[in-house]
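Here's the structure we're looking at; comments come further down.
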Protein chains: 2
Amino acid sequence: MYINTASYYLPELIVSNEYYTNLIGLTDEWIYKRSGIKRRAKAGTNENTNTMSIDAIKPAIDKLPYSIKEVDLIVGATYTPYDTIGTLAHAVQSYFDIPNARVISVSSACSSFVNAVEIVEGYFATNKSQKAIVVASEHNTAYSDDSDGQSGHLWGDAAGAVFISKERLSPSDIRVVDLNTTGLAHIGKGIEGVYLRPNEGGLKMPYGKDIFVNACKYMIFEVEDILRKNHLTLKDIDHLIPHQANSRIMSSVAASLDLLNGKMITNIEELGNTGCASTIIALSQNWEKFQSDELIVITVFGGGYSSGAMLLKR
Amino acid sequence: MYINTASYYLPELIVSNEYYTNLIGLTDEWIYKRSGIKRRAKAGTNENTNTMSIDAIKPAIDKLPYSIKEVDLIVGATYTPYDTIGTLAHAVQSYFDIPNARVISVSSACSSFVNAVEIVEGYFATNKSQKAIVVASEHNTAYSDDSDGQSGHLWGDAAGAVFISKERLSPSDIRVVDLNTTGLAHIGKGIEGVYLRPNEGGLKMPYGKDIFVNACKYMIFEVEDILRKNHLTLKDIDHLIPHQANSRIMSSVAASLDLLNGKMITNIEELGNTGCASTIIALSQNWEKFQSDELIVITVFGGGYSSGAMLLKR
């Protein structure tokens, strides 16, 4: 299958680290050293995961080699839902008036982008879909607590979307060579490490260290596993896009993989942790940079826990 | 693919219509006439969609012709999540310590059971899974308002689970002959008809009439469509299990289909609307009743909107 285009949306309002200095005394230096984050976007009063999903797709419309009306599958991904019934996938079908699409929204937390593409892979395999949208949208600040010194400053709001077709439709399409996901709820702190319970305090991260250790371990595992299965080595990778949870996690992953400078793509300094949208946004921001035949690996880890990877080739 | 077994869980606490008479003056007769509901179960203080998912699976363990540890895919379904990060699928993997399973939770509202099985169909097609759990759990009362005269009295709490294998594993397995889902967010009141916005008042149903009209229309459409595609007629159906939203919707569907008495299975009188768990529970409650070679059709409609159907054969 082939990614035809990737696009994203960032809310206008930018929140710098100084906001948290004034609120709870966390300095810019302290936040940056521990997370790599300088600033993050925050959704406006009338924005939510549904509106951001629509706004993430709009820039893609003109770049598509087909009409959005031809899309026959919409998979939404979020752990910060605006509406669990009229989900982001439904909002996209409604707004763009897409007449013949299956719709479903999913969560496997920050790994959901890869889980969602794996669901598309299944629909392509059964021939129930030929052209799909995967849209990931996170409105973290609707559920996080700015005054929570453990994790309130880590989260950003944003959305990203990819259009995926079963067949190649354009020379610039990026091929999904392989992908995998792994459920890890039985590992470490699992379902307690980070949680979002709408009726019990929202988004909390009581076990940051356990997440750190397992995110490093399994994002590395997923990279090595997908390379091995495709008879490739680390030297063959041109770009690595890890989930943007924390720059220290990403640096640890890069160091363990002995990754050459410049191969790792990040956006966390400007965006914070944008959940399952983070790797789509990084893919979109660097879309023009990827050269013909270059290999890109996306590796993700999500609360709950779960992990996954995608091997892409331009 | 084959359903190996179905099981369910109902909370102990039963709420009768008299509760709503005392609370807001809705009489037993008024509620029963408009919905077919006499009583519904309500989750206890320490229960939620995650605990109910686990409790729904427990009775199936001894009936399985394999160990639950062999399950390689867990798909959770809910629109009333306890935790959107440590989801019900994650809770199941964690509790039963299932070592090699992909995990994902989904929502397409009350149609999600069929959407979830369609996702399993895709994983079977790519050979990424051989044995899957689909678990649907709704904790409606965590988000509904008992004093909401429009819909507060309609909801029940419950969970249901099916184990599905790619190959037949037992003579009593029920074969999934065919299934389909349809996204309908662009139809009628779509994403506004019924919604659950955790930060905006929870579960509300402002457009009950629009839901009624479209639920009837599309549950009928799905039945006729799946029969036509399988060269069957209504006379060939032995049992119809519609989503249990409202007895008037179900009666209208049965009348339009000219369905013979006794062919429609319902549980709404005792359970209320248990969301995407409703048809699994009905399947489980009648599991022993289905005779060899009998055909069962499940038809569903969900808020947002979406619809779907499954054709089953024992």
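Going by the structure tokens order, chains are called A, B, ..., each with residues numbered from 1, while ligands are numbered from 1 in the order shown.
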Among segment 67-272 of chain B, which residues carry a DSSP assignment of strand (DSSP E or B), reported as number ranges by chain?
B: 73-77, 102-108, 110, 131-139, 155, 157-165, 174-183, 195-197, 202-204, 239-242, 264
Please, could you write that set of residues out with C-alpha atoms as a JSON list (two decimals), in the first residue's frame?
```json
[["chain", "number", "residue", "atom", "x", "y", "z"],
["B", 73, "LEU", "CA", -5.56, -10.15, 18.69],
["B", 74, "ILE", "CA", -7.78, -8.32, 21.16],
["B", 75, "VAL", "CA", -10.25, -5.77, 19.80],
["B", 76, "GLY", "CA", -12.16, -3.78, 22.40],
["B", 77, "ALA", "CA", -15.30, -1.83, 21.57],
["B", 102, "ARG", "CA", -2.08, -7.08, 19.16],
["B", 103, "VAL", "CA", -4.43, -4.76, 21.06],
["B", 104, "ILE", "CA", -6.74, -2.01, 19.86],
["B", 105, "SER", "CA", -9.99, -0.50, 21.06],
["B", 106, "VAL", "CA", -12.53, 1.02, 18.71],
["B", 107, "SER", "CA", -15.68, 3.04, 18.58],
["B", 108, "SER", "CA", -18.30, 3.34, 15.97],
["B", 110, "CYS", "CA", -23.64, 0.97, 18.89],
["B", 131, "LYS", "CA", -7.46, -16.33, 17.17],
["B", 132, "ALA", "CA", -9.10, -13.13, 18.33],
["B", 133, "ILE", "CA", -11.21, -11.78, 21.15],
["B", 134, "VAL", "CA", -13.79, -9.09, 20.44],
["B", 135, "VAL", "CA", -15.00, -7.62, 23.70],
["B", 136, "ALA", "CA", -17.68, -4.94, 23.85],
["B", 137, "SER", "CA", -18.36, -3.15, 27.10],
["B", 138, "GLU", "CA", -20.61, -0.21, 27.89],
["B", 139, "HIS", "CA", -20.75, 1.73, 31.11],
["B", 155, "TRP", "CA", -29.28, 2.98, 29.06],
["B", 157, "ASP", "CA", -24.50, -1.31, 31.65],
["B", 158, "ALA", "CA", -23.12, -4.65, 30.45],
["B", 159, "ALA", "CA", -20.35, -6.34, 28.51],
["B", 160, "GLY", "CA", -20.11, -9.19, 26.03],
["B", 161, "ALA", "CA", -17.28, -11.10, 24.39],
["B", 162, "VAL", "CA", -16.77, -13.45, 21.48],
["B", 163, "PHE", "CA", -13.77, -15.60, 20.67],
["B", 164, "ILE", "CA", -13.18, -15.90, 16.93],
["B", 165, "SER", "CA", -10.82, -18.21, 15.07],
["B", 174, "ILE", "CA", -20.80, -20.57, 14.45],
["B", 175, "ARG", "CA", -19.44, -19.53, 11.06],
["B", 176, "VAL", "CA", -19.32, -15.88, 10.06],
["B", 177, "VAL", "CA", -20.51, -16.35, 6.50],
["B", 178, "ASP", "CA", -20.37, -12.65, 5.62],
["B", 179, "LEU", "CA", -20.33, -9.22, 7.23],
["B", 180, "ASN", "CA", -20.53, -5.61, 6.23],
["B", 181, "THR", "CA", -20.35, -2.14, 7.77],
["B", 182, "THR", "CA", -21.47, 1.22, 6.39],
["B", 183, "GLY", "CA", -20.45, 4.71, 7.47],
["B", 195, "TYR", "CA", -23.39, 12.08, 21.22],
["B", 196, "LEU", "CA", -21.09, 11.42, 24.14],
["B", 197, "ARG", "CA", -18.79, 14.35, 24.81],
["B", 202, "GLY", "CA", -21.75, 13.30, 28.61],
["B", 203, "LEU", "CA", -24.29, 11.13, 26.81],
["B", 204, "LYS", "CA", -27.18, 13.00, 25.15],
["B", 239, "HIS", "CA", -33.04, -15.79, 13.80],
["B", 240, "LEU", "CA", -32.64, -12.01, 13.61],
["B", 241, "ILE", "CA", -30.68, -10.18, 16.30],
["B", 242, "PRO", "CA", -31.06, -6.43, 15.88],
["B", 264, "MET", "CA", -36.46, -11.89, 16.42]]
```
Excluding segment 32-42 of chain A and any residue of its chain fewer than 6 positions from it, enumerate the residues within 7 Å of it, using only C-alpha atoms, and give them as a ChimeraX atom specification.
/A:10-17,141,156-157,246-248,268-272
Would you export the selected residues with C-alpha atoms as a PDB file, in the first residue's frame, please?
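Contents of the output file selection-v6.pdb:
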```
ATOM      1  CA  LEU A  10      -1.591  23.019  14.436  1.00  0.00           C
ATOM      2  CA  PRO A  11      -3.730  25.345  16.526  1.00  0.00           C
ATOM      3  CA  GLU A  12      -2.687  29.003  16.454  1.00  0.00           C
ATOM      4  CA  LEU A  13      -2.146  29.514  20.152  1.00  0.00           C
ATOM      5  CA  ILE A  14       1.429  28.717  21.212  1.00  0.00           C
ATOM      6  CA  VAL A  15       2.251  28.113  24.874  1.00  0.00           C
ATOM      7  CA  SER A  16       5.903  28.590  25.848  1.00  0.00           C
ATOM      8  CA  ASN A  17       7.668  27.084  28.841  1.00  0.00           C
ATOM      9  CA  THR A 141      -5.149  19.968  26.867  1.00  0.00           C
ATOM     10  CA  GLY A 156       0.576  19.578  22.811  1.00  0.00           C
ATOM     11  CA  ASP A 157      -2.558  19.688  20.656  1.00  0.00           C
ATOM     12  CA  ASN A 246      10.381  12.991  25.042  1.00  0.00           C
ATOM     13  CA  SER A 247      13.740  13.971  23.559  1.00  0.00           C
ATOM     14  CA  ARG A 248      15.586  11.890  26.127  1.00  0.00           C
ATOM     15  CA  ILE A 268       8.990  17.834  19.883  1.00  0.00           C
ATOM     16  CA  GLU A 269      10.843  21.095  20.614  1.00  0.00           C
ATOM     17  CA  GLU A 270       8.086  23.077  18.894  1.00  0.00           C
ATOM     18  CA  LEU A 271       5.078  20.792  19.461  1.00  0.00           C
ATOM     19  CA  GLY A 272       5.472  18.808  22.687  1.00  0.00           C
TER      20      GLY A 272
END
```
When distances are computed from only C-alpha atoms, which of A:Ala101, A:Tyr123, A:Gly303, A:Thr279 shows the smallest separation from Glu192 of chain A?
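Comparing A:Ala101, A:Tyr123, A:Gly303, A:Thr279 against Glu192 of chain A, the winner is A:Gly303.
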Fewer than 6 positions away in the same chain doesn't count, so skip those; otherwise give me all residues within 12 Å of segment 184-191 of chain B, counting only C-alpha atoms, as a PyMOL selection string.
(chain A and resi 50+69+72-74+82-104) or (chain B and resi 108-109+111+197+204-215+217-219+301-308)
Using DSSP assignments from the backbone, pull out every residue in segment 212-299 of chain B that falls under helix (DSSP H, G or I) and give it to me as a PyMOL selection string.
chain B and resi 212-229+234-236+247-256+268-271+275-285
Which is closer to chain A than all the others in B:Asn267, B:Ser284, B:Thr49, B:Ser112, using only C-alpha atoms?
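Checking each candidate against chain A, we get B:Ser112 as the closest.
Residues lying within 8 Å of Leu257 of chain B, counting only C-alpha atoms and ignoring same-chain neighbours fewer than 3 positions away, are Ile220, Leu234, Val253 and Ala254 of chain B.
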So, with only C-alpha atoms as the atoms that count, which of A:Ala309, A:Ala277, A:Leu154, A:Ala6 lies closest to Pro59 of chain A?
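Closest to Pro59 of chain A, using only C-alpha atoms: A:Ala6.
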